[in-house]
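Here is upload19.cif, consisting of mmCIF, C-alpha atoms (C1' of nucleotides):
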```cif
data_data
loop_
_atom_site.label_atom_id
_atom_site.label_comp_id
_atom_site.auth_asym_id
_atom_site.auth_seq_id
_atom_site.Cartn_x
_atom_site.Cartn_y
_atom_site.Cartn_z
CA MET B 1497 12.38 4.13 -14.03
CA ALA B 1498 11.92 4.95 -10.40
CA ASN B 1499 9.61 7.79 -11.21
CA GLN B 1500 6.92 5.92 -13.06
CA VAL B 1501 6.96 3.55 -10.19
CA LYS B 1502 6.35 6.36 -7.77
CA ALA B 1503 3.42 7.67 -9.75
CA LEU B 1504 1.97 4.19 -9.92
CA ALA B 1505 2.18 3.58 -6.20
CA THR B 1506 0.73 7.02 -5.65
CA LEU B 1507 -2.41 6.23 -7.59
CA ALA B 1508 -2.84 2.94 -5.79
CA ASP B 1509 -4.48 4.65 -2.86
CA PRO B 1510 -8.27 5.08 -3.25
CA THR B 1511 -8.42 8.52 -1.65
CA ARG B 1512 -5.60 9.73 -3.82
CA ARG B 1513 -7.30 8.36 -6.89
CA ALA B 1514 -10.48 10.18 -5.91
CA ILE B 1515 -8.58 13.42 -5.54
CA PHE B 1516 -6.86 12.90 -8.85
CA GLU B 1517 -10.11 12.20 -10.65
CA ARG B 1518 -11.72 15.32 -9.25
CA LEU B 1519 -8.79 17.42 -10.31
CA ALA B 1520 -9.01 15.89 -13.75
CA ALA B 1521 -12.57 17.15 -13.94
CA LYS B 1522 -11.80 20.55 -12.50
CA PRO B 1523 -8.86 22.28 -10.78
CA SER B 1524 -9.75 22.86 -7.15
CA SER B 1525 -8.56 24.15 -3.81
CA VAL B 1526 -7.73 21.93 -0.88
CA GLY B 1527 -10.89 22.90 0.95
CA GLU B 1528 -13.10 22.12 -2.00
CA LEU B 1529 -11.57 18.69 -2.32
CA ALA B 1530 -11.83 17.91 1.37
CA ASN B 1531 -15.43 19.01 1.28
CA GLY B 1532 -16.42 16.31 -1.16
CA LEU B 1533 -14.41 13.54 0.43
CA PRO B 1534 -14.85 11.43 3.57
CA VAL B 1535 -11.54 12.57 5.01
CA THR B 1536 -10.37 15.71 6.78
CA ARG B 1537 -8.56 18.58 5.15
CA PRO B 1538 -5.12 17.72 6.50
CA ALA B 1539 -5.44 14.27 4.99
CA VAL B 1540 -6.17 15.82 1.61
CA SER B 1541 -3.23 18.13 2.07
CA GLN B 1542 -0.91 15.21 2.72
CA HIS B 1543 -2.17 13.35 -0.30
CA LEU B 1544 -1.67 16.39 -2.48
CA LYS B 1545 1.90 16.56 -1.32
CA VAL B 1546 2.47 12.99 -2.41
CA LEU B 1547 0.71 13.57 -5.73
CA LYS B 1548 2.85 16.61 -6.30
CA GLU B 1549 6.08 14.75 -5.57
CA ALA B 1550 5.01 12.10 -8.05
CA GLY B 1551 4.57 14.75 -10.72
CA LEU B 1552 0.86 14.11 -10.96
CA VAL B 1553 -0.39 17.53 -9.88
CA THR B 1554 0.84 21.11 -9.71
CA ASP B 1555 -0.24 23.86 -7.36
CA ALA B 1556 -0.56 27.60 -7.64
CA ALA B 1557 -1.16 30.12 -4.89
CA GLN B 1558 -4.32 32.09 -5.42
CA GLY B 1559 -4.64 34.58 -2.61
CA THR B 1560 -5.03 32.61 0.55
CA ARG B 1561 -6.18 29.60 -1.39
CA ARG B 1562 -4.09 27.13 -3.27
CA VAL B 1563 -5.41 25.72 -6.48
CA TYR B 1564 -4.30 22.29 -7.61
CA ARG B 1565 -4.54 20.91 -11.10
CA ILE B 1566 -3.42 17.84 -12.95
CA ASP B 1567 0.13 17.63 -14.23
CA PRO B 1568 0.32 15.74 -17.54
CA HIS B 1569 3.94 14.95 -16.85
CA GLY B 1570 3.29 12.29 -14.23
CA LEU B 1571 0.70 10.73 -16.49
CA GLY B 1572 3.26 10.48 -19.24
CA GLU B 1573 5.74 8.75 -16.96
CA ILE B 1574 3.22 6.09 -16.10
CA ARG B 1575 2.34 5.53 -19.70
CA LYS B 1576 5.99 5.03 -20.49
CA TRP B 1577 6.17 2.17 -18.04
CA PHE B 1578 3.05 0.49 -19.29
CA ASP B 1579 3.97 0.86 -22.93
CA GLN B 1580 6.57 -1.83 -22.55
CA PHE B 1581 3.62 -4.14 -22.05
CA TRP B 1582 0.76 -3.15 -24.30
CA ASP B 1583 3.00 -2.69 -27.23
CA ARG B 1584 5.45 -5.49 -26.94
CA GLN B 1585 3.39 -7.86 -24.89
CA LEU B 1586 0.05 -8.06 -26.58
CA ASP B 1587 1.29 -9.87 -29.64
CA ALA B 1588 4.35 -11.43 -28.11
CA PHE B 1589 1.76 -12.94 -25.87
CA ALA B 1590 -0.53 -14.08 -28.63
CA ASP B 1591 2.51 -15.83 -29.97
CA GLU B 1592 3.20 -17.74 -26.83
CA VAL B 1593 -0.34 -18.52 -25.86
CA ASP B 1594 -0.60 -22.06 -27.12
CA ARG B 1595 3.06 -22.76 -26.87
CA ASP B 1596 3.82 -25.12 -24.03
CA SER B 1597 6.55 -23.03 -22.46
CA LYS B 1598 8.97 -25.90 -22.48
CA ASP B 1599 11.92 -23.60 -21.92
CA THR B 1600 13.24 -23.89 -18.43
CA MET G 1262 -14.53 0.26 -12.21
CA ALA G 1263 -13.46 -1.69 -9.17
CA ASN G 1264 -11.40 -4.03 -11.25
CA GLN G 1265 -9.03 -1.60 -12.86
CA VAL G 1266 -8.50 -0.27 -9.42
CA LYS G 1267 -7.57 -3.68 -8.14
CA ALA G 1268 -5.06 -4.23 -10.91
CA LEU G 1269 -3.54 -0.84 -10.24
CA ALA G 1270 -3.11 -1.43 -6.53
CA THR G 1271 -1.70 -4.85 -7.33
CA LEU G 1272 1.10 -3.41 -9.44
CA ALA G 1273 1.92 -0.85 -6.79
CA ASP G 1274 3.97 -3.38 -4.87
CA PRO G 1275 7.62 -3.60 -6.01
CA THR G 1276 7.93 -7.36 -5.64
CA ARG G 1277 4.74 -7.89 -7.55
CA ARG G 1278 5.95 -5.57 -10.28
CA ALA G 1279 9.18 -7.53 -10.48
CA ILE G 1280 7.26 -10.78 -10.83
CA PHE G 1281 5.03 -9.26 -13.45
CA GLU G 1282 7.94 -7.96 -15.47
CA ARG G 1283 9.67 -11.32 -15.44
CA LEU G 1284 6.52 -13.05 -16.57
CA ALA G 1285 6.21 -10.50 -19.34
CA ALA G 1286 9.64 -11.57 -20.51
CA LYS G 1287 9.00 -15.27 -20.11
CA PRO G 1288 6.34 -17.51 -18.55
CA SER G 1289 7.81 -19.21 -15.49
CA SER G 1290 7.14 -21.51 -12.60
CA VAL G 1291 6.91 -20.36 -9.01
CA GLY G 1292 10.28 -21.79 -8.13
CA GLU G 1293 11.99 -20.08 -11.03
CA LEU G 1294 10.57 -16.75 -10.00
CA ALA G 1295 11.46 -17.17 -6.34
CA ASN G 1296 14.95 -18.11 -7.39
CA GLY G 1297 15.62 -14.76 -8.99
CA LEU G 1298 13.99 -12.68 -6.30
CA PRO G 1299 15.03 -11.64 -2.78
CA VAL G 1300 11.97 -13.27 -1.22
CA THR G 1301 11.00 -16.82 -0.35
CA ARG G 1302 8.85 -19.06 -2.46
CA PRO G 1303 5.69 -18.75 -0.36
CA ALA G 1304 5.89 -14.99 -0.73
CA VAL G 1305 5.99 -15.37 -4.48
CA SER G 1306 3.09 -17.78 -4.30
CA GLN G 1307 1.03 -15.25 -2.38
CA HIS G 1308 1.83 -12.50 -4.82
CA LEU G 1309 0.86 -14.69 -7.73
CA LYS G 1310 -2.48 -15.30 -6.10
CA VAL G 1311 -3.08 -11.57 -5.89
CA LEU G 1312 -1.91 -11.03 -9.46
CA LYS G 1313 -4.25 -13.76 -10.60
CA GLU G 1314 -7.23 -12.29 -8.77
CA ALA G 1315 -6.50 -8.97 -10.43
CA GLY G 1316 -6.62 -10.63 -13.83
CA LEU G 1317 -2.98 -9.89 -14.51
CA VAL G 1318 -1.69 -13.44 -14.79
CA THR G 1319 -3.00 -16.90 -15.55
CA ASP G 1320 -1.67 -20.24 -14.42
CA ALA G 1321 -1.53 -23.70 -15.92
CA ALA G 1322 -0.58 -26.96 -14.26
CA GLN G 1323 2.39 -28.60 -15.90
CA GLY G 1324 3.08 -31.84 -14.16
CA THR G 1325 4.03 -31.01 -10.64
CA ARG G 1326 4.95 -27.50 -11.67
CA ARG G 1327 2.67 -24.59 -12.28
CA VAL G 1328 3.52 -22.20 -15.05
CA TYR G 1329 2.36 -18.62 -14.82
CA ARG G 1330 2.07 -16.19 -17.68
CA ILE G 1331 0.77 -12.70 -18.23
CA ASP G 1332 -2.94 -12.18 -18.78
CA PRO G 1333 -3.61 -9.34 -21.22
CA HIS G 1334 -7.05 -8.87 -19.72
CA GLY G 1335 -5.88 -7.14 -16.57
CA LEU G 1336 -3.63 -4.91 -18.63
CA GLY G 1337 -6.63 -3.87 -20.69
CA GLU G 1338 -8.63 -3.00 -17.61
CA ILE G 1339 -5.92 -0.70 -16.41
CA ARG G 1340 -5.63 0.98 -19.74
CA LYS G 1341 -9.36 1.60 -19.73
CA TRP G 1342 -9.03 3.54 -16.51
CA PHE G 1343 -6.11 5.61 -17.71
CA ASP G 1344 -7.66 6.37 -21.06
CA GLN G 1345 -10.11 8.71 -19.41
CA PHE G 1346 -7.07 10.87 -18.70
CA TRP G 1347 -4.65 10.73 -21.58
CA ASP G 1348 -7.40 11.15 -24.09
CA ARG G 1349 -9.75 13.59 -22.52
CA GLN G 1350 -7.35 15.28 -20.21
CA LEU G 1351 -4.39 16.22 -22.30
CA ASP G 1352 -6.20 18.84 -24.33
CA ALA G 1353 -8.90 19.64 -21.84
CA PHE G 1354 -5.93 20.50 -19.74
CA ALA G 1355 -4.24 22.65 -22.33
CA ASP G 1356 -7.51 24.52 -22.46
CA GLU G 1357 -7.62 25.30 -18.80
CA VAL G 1358 -3.97 25.97 -18.25
CA ASP G 1359 -4.02 29.75 -18.39
CA ARG G 1360 -7.57 30.10 -17.28
CA ASP G 1361 -7.76 31.46 -13.75
CA SER G 1362 -10.06 28.76 -12.41
CA LYS G 1363 -12.41 31.39 -11.01
CA ASP G 1364 -15.21 28.84 -10.72
CA THR G 1365 -15.87 27.93 -7.13
"C1'" DA E 929 -3.96 46.45 14.03
"C1'" DC E 930 -7.07 42.94 14.51
"C1'" DA E 931 -9.76 39.04 13.22
"C1'" DC E 932 -10.63 35.46 10.14
"C1'" DA E 933 -10.01 32.14 6.45
"C1'" DG E 934 -7.33 28.81 4.06
"C1'" DC E 935 -3.23 25.47 4.20
"C1'" DG E 936 0.77 22.99 5.65
"C1'" DT E 937 3.01 20.29 9.40
"C1'" DT E 938 3.73 17.43 13.44
"C1'" DA E 939 2.79 13.68 16.68
"C1'" DG E 940 0.53 9.70 17.58
"C1'" DC E 941 -2.71 5.90 16.61
"C1'" DC E 942 -4.20 2.01 14.10
"C1'" DT E 943 -4.98 -0.90 10.31
"C1'" DA E 944 -3.34 -3.22 6.10
"C1'" DC E 945 -0.16 -6.11 4.28
"C1'" DA E 946 4.40 -8.07 2.84
"C1'" DC E 947 7.25 -11.59 4.63
"C1'" DT E 948 8.92 -15.92 7.01
"C1'" DT E 949 8.47 -20.47 9.11
"C1'" DA E 950 6.10 -24.63 9.39
"C1'" DC E 951 2.86 -27.77 7.51
"C1'" DC E 952 0.02 -30.39 4.12
"C1'" DG E 953 -1.58 -31.97 -0.48
"C1'" DT E 954 -0.35 -33.56 -5.15
"C1'" DT E 955 2.27 -35.48 -8.90
"C1'" DA E 956 6.23 -38.05 -10.91
"C1'" DG E 957 9.73 -41.40 -10.71
"C1'" DT E 958 11.64 -45.91 -9.12
"C1'" DA Z 180 4.35 -48.27 -2.09
"C1'" DC Z 181 7.95 -45.02 -1.07
"C1'" DT Z 182 10.28 -40.88 -1.82
"C1'" DA Z 183 11.32 -36.56 -3.49
"C1'" DA Z 184 10.07 -32.24 -5.93
"C1'" DC Z 185 6.92 -28.50 -6.46
"C1'" DG Z 186 3.36 -25.42 -4.62
"C1'" DG Z 187 -0.45 -23.63 -1.92
"C1'" DT Z 188 -1.99 -22.39 2.92
"C1'" DA Z 189 -2.07 -20.99 7.87
"C1'" DA Z 190 -0.24 -18.56 11.70
"C1'" DG Z 191 2.45 -14.99 13.52
"C1'" DT Z 192 5.48 -10.83 13.20
"C1'" DG Z 193 7.03 -6.24 11.85
"C1'" DT Z 194 6.52 -2.16 9.40
"C1'" DA Z 195 4.84 1.29 6.12
"C1'" DG Z 196 1.49 4.59 5.66
"C1'" DG Z 197 -3.26 6.73 5.94
"C1'" DC Z 198 -5.97 9.19 9.26
"C1'" DT Z 199 -7.12 12.60 12.98
"C1'" DA Z 200 -6.38 16.28 16.34
"C1'" DA Z 201 -3.73 20.24 17.55
"C1'" DC Z 202 -0.75 23.96 16.31
"C1'" DG Z 203 1.49 27.64 13.58
"C1'" DC Z 204 2.03 30.47 9.42
"C1'" DT Z 205 0.48 33.53 5.66
"C1'" DG Z 206 -2.59 36.47 3.25
"C1'" DT Z 207 -7.08 39.21 3.06
"C1'" DG Z 208 -10.51 42.37 4.63
"C1'" DT Z 209 -12.22 45.99 7.75
#
```
For the file at hand, write its structure as structure tokens.
Amino acid sequence: MANQVKALATLADPTRRAIFERLAAKPSSVGELANGLPVTRPAVSQHLKVLKEAGLVTDAAQGTRRVYRIDPHGLGEIRKWFDQFWDRQLDAFADEVDRDSKDT
Amino acid sequence: MANQVKALATLADPTRRAIFERLAAKPSSVGELANGLPVTRPAVSQHLKVLKEAGLVTDAAQGTRRVYRIDPHGLGEIRKWFDQFWDRQLDAFADEVDRDSKDT
DNA sequence: ACACAGCGTTAGCCTACACTTACCGTTAGT
DNA sequence: ACTAACGGTAAGTGTAGGCTAACGCTGTGT
């Protein structure tokens, strides 16, 4: 329960989302990512650390470079949290919509 | 594109998530929510404003009270953003996994 | 061995924002 | 008309966290 939450908060940051989207399109090194973003390389490095801790990316040493790619695991955790809403909620909601919520 | 993002960032806050979860379980007034949370009523009111702007909740006047409930719309927006990953990514990923990402 | 390239880390700054207190408007009841 | 209940808003405070600059470490090539 605390993990989905972490992944969610992680993707709340715009820069981190940008990094994540780029990795979704293509695994990349830190330098490559920093090159296409309006922030410095250390900033990207810090974000990658957070993404990694949230289970959203994995890294692999490749000579002196370090290639990052998306980790499906973190994605799954997030989906688990949301599922309690789109499944249950969407029709439970339709049910309640025109009810006057008289329960206090 | 900017809207899913807003809903995501909105749910990144723990208090806001708590409010959202309670509303998912049962539409409530501001006072009811504040009662079950470790923050004051104005804080809840502010969060509800943010949730509303993100399309995650709707409100309806009910006498002097104001009942809030979940808005499926915001949920849908979020899902739209994530779909580009769980659909596309999960097998695009499996494809790339043991490829040595030699593309620079 | 030496030089260079690619990353991670630390220290410090600065902005965003969650929270509280105080105040005001609105609606319902008597 | 008066009063009390319910909520939204404004002002001010404190803190989490995103960013940069500077430094050190590791691996590669010559």
Test item: the PyMOL selection byres ((chain B) within 8 of (chain Z)) resolved as a PDB file with C-alpha atoms, in the frame of the given file:
```pdb
ATOM      1  CA  VAL B1535     -11.540  12.570   5.010  1.00  0.00           C
ATOM      2  CA  THR B1536     -10.370  15.710   6.780  1.00  0.00           C
ATOM      3  CA  ALA B1539      -5.440  14.270   4.990  1.00  0.00           C
ATOM      4  CA  GLY B1559      -4.640  34.580  -2.610  1.00  0.00           C
ATOM      5  CA  THR B1560      -5.030  32.610   0.550  1.00  0.00           C
TER       6      THR B1560
END
```
I'd like the superposed chain B, fitted onto chain G by least squares over all Cα atoms in order, as a PDB file with C-alpha atoms, keeping the file's coordinate frame.
```pdb
ATOM      1  CA  MET B1497     -14.686   0.127 -12.250  1.00  0.00           C
ATOM      2  CA  ALA B1498     -13.630  -1.786  -9.203  1.00  0.00           C
ATOM      3  CA  ASN B1499     -11.560  -4.145 -11.253  1.00  0.00           C
ATOM      4  CA  GLN B1500      -9.183  -1.698 -12.840  1.00  0.00           C
ATOM      5  CA  VAL B1501      -8.676  -0.363  -9.403  1.00  0.00           C
ATOM      6  CA  LYS B1502      -7.727  -3.773  -8.142  1.00  0.00           C
ATOM      7  CA  ALA B1503      -5.210  -4.291 -10.902  1.00  0.00           C
ATOM      8  CA  LEU B1504      -3.730  -0.891 -10.200  1.00  0.00           C
ATOM      9  CA  ALA B1505      -3.286  -1.499  -6.500  1.00  0.00           C
ATOM     10  CA  THR B1506      -1.844  -4.887  -7.327  1.00  0.00           C
ATOM     11  CA  LEU B1507       0.936  -3.420  -9.418  1.00  0.00           C
ATOM     12  CA  ALA B1508       1.743  -0.858  -6.766  1.00  0.00           C
ATOM     13  CA  ASP B1509       3.820  -3.354  -4.854  1.00  0.00           C
ATOM     14  CA  PRO B1510       7.477  -3.514  -5.997  1.00  0.00           C
ATOM     15  CA  THR B1511       7.819  -7.277  -5.623  1.00  0.00           C
ATOM     16  CA  ARG B1512       4.642  -7.828  -7.554  1.00  0.00           C
ATOM     17  CA  ARG B1513       5.822  -5.501 -10.271  1.00  0.00           C
ATOM     18  CA  ALA B1514       9.080  -7.432 -10.474  1.00  0.00           C
ATOM     19  CA  ILE B1515       7.197 -10.683 -10.837  1.00  0.00           C
ATOM     20  CA  PHE B1516       4.948  -9.197 -13.468  1.00  0.00           C
ATOM     21  CA  GLU B1517       7.858  -7.857 -15.475  1.00  0.00           C
ATOM     22  CA  ARG B1518       9.611 -11.205 -15.434  1.00  0.00           C
ATOM     23  CA  LEU B1519       6.495 -12.955 -16.593  1.00  0.00           C
ATOM     24  CA  ALA B1520       6.158 -10.407 -19.353  1.00  0.00           C
ATOM     25  CA  ALA B1521       9.603 -11.425 -20.535  1.00  0.00           C
ATOM     26  CA  LYS B1522       9.012 -15.129 -20.142  1.00  0.00           C
ATOM     27  CA  PRO B1523       6.371 -17.411 -18.589  1.00  0.00           C
ATOM     28  CA  SER B1524       7.855 -19.082 -15.538  1.00  0.00           C
ATOM     29  CA  SER B1525       7.224 -21.403 -12.630  1.00  0.00           C
ATOM     30  CA  VAL B1526       6.960 -20.254  -9.051  1.00  0.00           C
ATOM     31  CA  GLY B1527      10.363 -21.650  -8.187  1.00  0.00           C
ATOM     32  CA  GLU B1528      12.053 -19.904 -11.066  1.00  0.00           C
ATOM     33  CA  LEU B1529      10.571 -16.601 -10.015  1.00  0.00           C
ATOM     34  CA  ALA B1530      11.476 -17.023  -6.369  1.00  0.00           C
ATOM     35  CA  ASN B1531      14.981 -17.919  -7.413  1.00  0.00           C
ATOM     36  CA  GLY B1532      15.602 -14.554  -8.999  1.00  0.00           C
ATOM     37  CA  LEU B1533      13.958 -12.498  -6.294  1.00  0.00           C
ATOM     38  CA  PRO B1534      14.978 -11.479  -2.769  1.00  0.00           C
ATOM     39  CA  VAL B1535      11.937 -13.125  -1.227  1.00  0.00           C
ATOM     40  CA  THR B1536      11.015 -16.701  -0.375  1.00  0.00           C
ATOM     41  CA  ARG B1537       8.887 -18.964  -2.501  1.00  0.00           C
ATOM     42  CA  PRO B1538       5.749 -18.689  -0.385  1.00  0.00           C
ATOM     43  CA  ALA B1539       5.886 -14.930  -0.752  1.00  0.00           C
ATOM     44  CA  VAL B1540       5.991 -15.304  -4.521  1.00  0.00           C
ATOM     45  CA  SER B1541       3.120 -17.735  -4.328  1.00  0.00           C
ATOM     46  CA  GLN B1542       1.014 -15.250  -2.400  1.00  0.00           C
ATOM     47  CA  HIS B1543       1.781 -12.488  -4.840  1.00  0.00           C
ATOM     48  CA  LEU B1544       0.845 -14.695  -7.755  1.00  0.00           C
ATOM     49  CA  LYS B1545      -2.476 -15.340  -6.121  1.00  0.00           C
ATOM     50  CA  VAL B1546      -3.142 -11.630  -5.907  1.00  0.00           C
ATOM     51  CA  LEU B1547      -1.990 -11.069  -9.487  1.00  0.00           C
ATOM     52  CA  LYS B1548      -4.265 -13.840 -10.622  1.00  0.00           C
ATOM     53  CA  GLU B1549      -7.279 -12.414  -8.802  1.00  0.00           C
ATOM     54  CA  ALA B1550      -6.588  -9.081 -10.455  1.00  0.00           C
ATOM     55  CA  GLY B1551      -6.673 -10.732 -13.862  1.00  0.00           C
ATOM     56  CA  LEU B1552      -3.045  -9.928 -14.512  1.00  0.00           C
ATOM     57  CA  VAL B1553      -1.708 -13.471 -14.803  1.00  0.00           C
ATOM     58  CA  THR B1554      -2.973 -16.959 -15.574  1.00  0.00           C
ATOM     59  CA  ASP B1555      -1.571 -20.275 -14.439  1.00  0.00           C
ATOM     60  CA  ALA B1556      -1.391 -23.721 -15.943  1.00  0.00           C
ATOM     61  CA  ALA B1557      -0.388 -26.961 -14.281  1.00  0.00           C
ATOM     62  CA  GLN B1558       2.589 -28.557 -15.937  1.00  0.00           C
ATOM     63  CA  GLY B1559       3.327 -31.798 -14.161  1.00  0.00           C
ATOM     64  CA  THR B1560       4.297 -30.919 -10.654  1.00  0.00           C
ATOM     65  CA  ARG B1561       5.168 -27.414 -11.702  1.00  0.00           C
ATOM     66  CA  ARG B1562       2.845 -24.545 -12.316  1.00  0.00           C
ATOM     67  CA  VAL B1563       3.629 -22.147 -15.086  1.00  0.00           C
ATOM     68  CA  TYR B1564       2.421 -18.574 -14.862  1.00  0.00           C
ATOM     69  CA  ARG B1565       2.093 -16.152 -17.719  1.00  0.00           C
ATOM     70  CA  ILE B1566       0.744 -12.692 -18.279  1.00  0.00           C
ATOM     71  CA  ASP B1567      -2.967 -12.204 -18.805  1.00  0.00           C
ATOM     72  CA  PRO B1568      -3.676  -9.369 -21.260  1.00  0.00           C
ATOM     73  CA  HIS B1569      -7.106  -8.958 -19.751  1.00  0.00           C
ATOM     74  CA  GLY B1570      -5.955  -7.246 -16.572  1.00  0.00           C
ATOM     75  CA  LEU B1571      -3.755  -4.966 -18.623  1.00  0.00           C
ATOM     76  CA  GLY B1572      -6.741  -3.941 -20.675  1.00  0.00           C
ATOM     77  CA  GLU B1573      -8.754  -3.105 -17.578  1.00  0.00           C
ATOM     78  CA  ILE B1574      -6.063  -0.774 -16.357  1.00  0.00           C
ATOM     79  CA  ARG B1575      -5.799   0.927 -19.687  1.00  0.00           C
ATOM     80  CA  LYS B1576      -9.518   1.532 -19.646  1.00  0.00           C
ATOM     81  CA  TRP B1577      -9.210   3.460 -16.421  1.00  0.00           C
ATOM     82  CA  PHE B1578      -6.311   5.551 -17.582  1.00  0.00           C
ATOM     83  CA  ASP B1579      -7.849   6.324 -20.939  1.00  0.00           C
ATOM     84  CA  GLN B1580     -10.282   8.668 -19.289  1.00  0.00           C
ATOM     85  CA  PHE B1581      -7.238  10.796 -18.588  1.00  0.00           C
ATOM     86  CA  TRP B1582      -4.829  10.664 -21.487  1.00  0.00           C
ATOM     87  CA  ASP B1583      -7.547  11.084 -23.986  1.00  0.00           C
ATOM     88  CA  ARG B1584      -9.846  13.565 -22.410  1.00  0.00           C
ATOM     89  CA  GLN B1585      -7.411  15.229 -20.094  1.00  0.00           C
ATOM     90  CA  LEU B1586      -4.406  16.064 -22.173  1.00  0.00           C
ATOM     91  CA  ASP B1587      -6.109  18.709 -24.242  1.00  0.00           C
ATOM     92  CA  ALA B1588      -8.825  19.603 -21.800  1.00  0.00           C
ATOM     93  CA  PHE B1589      -5.855  20.409 -19.670  1.00  0.00           C
ATOM     94  CA  ALA B1590      -4.045  22.439 -22.270  1.00  0.00           C
ATOM     95  CA  ASP B1591      -7.228  24.423 -22.449  1.00  0.00           C
ATOM     96  CA  GLU B1592      -7.327  25.216 -18.795  1.00  0.00           C
ATOM     97  CA  VAL B1593      -3.656  25.763 -18.243  1.00  0.00           C
ATOM     98  CA  ASP B1594      -3.533  29.527 -18.337  1.00  0.00           C
ATOM     99  CA  ARG B1595      -7.079  29.991 -17.261  1.00  0.00           C
ATOM    100  CA  ASP B1596      -7.287  31.303 -13.732  1.00  0.00           C
ATOM    101  CA  SER B1597      -9.756  28.735 -12.469  1.00  0.00           C
ATOM    102  CA  LYS B1598     -12.076  31.382 -11.166  1.00  0.00           C
ATOM    103  CA  ASP B1599     -14.940  28.928 -10.874  1.00  0.00           C
ATOM    104  CA  THR B1600     -15.636  28.053  -7.302  1.00  0.00           C
TER     105      THR B1600
END
```
Would you kindly report the residues of chain G within 6 Å of chain B, using all atoms listed in the file, as a list in words?
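Selected residues: Leu1269, Ala1270 and Ala1273 of chain G.
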Taking all atoms listed in the file into account, report as a ChimeraX atom specification which residues of chain E lie within 8 Å of chain B.
/E:933-936
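One finds CA of Leu1294 in chain G at 18.8 Å from CA of Ala1315 in chain G.
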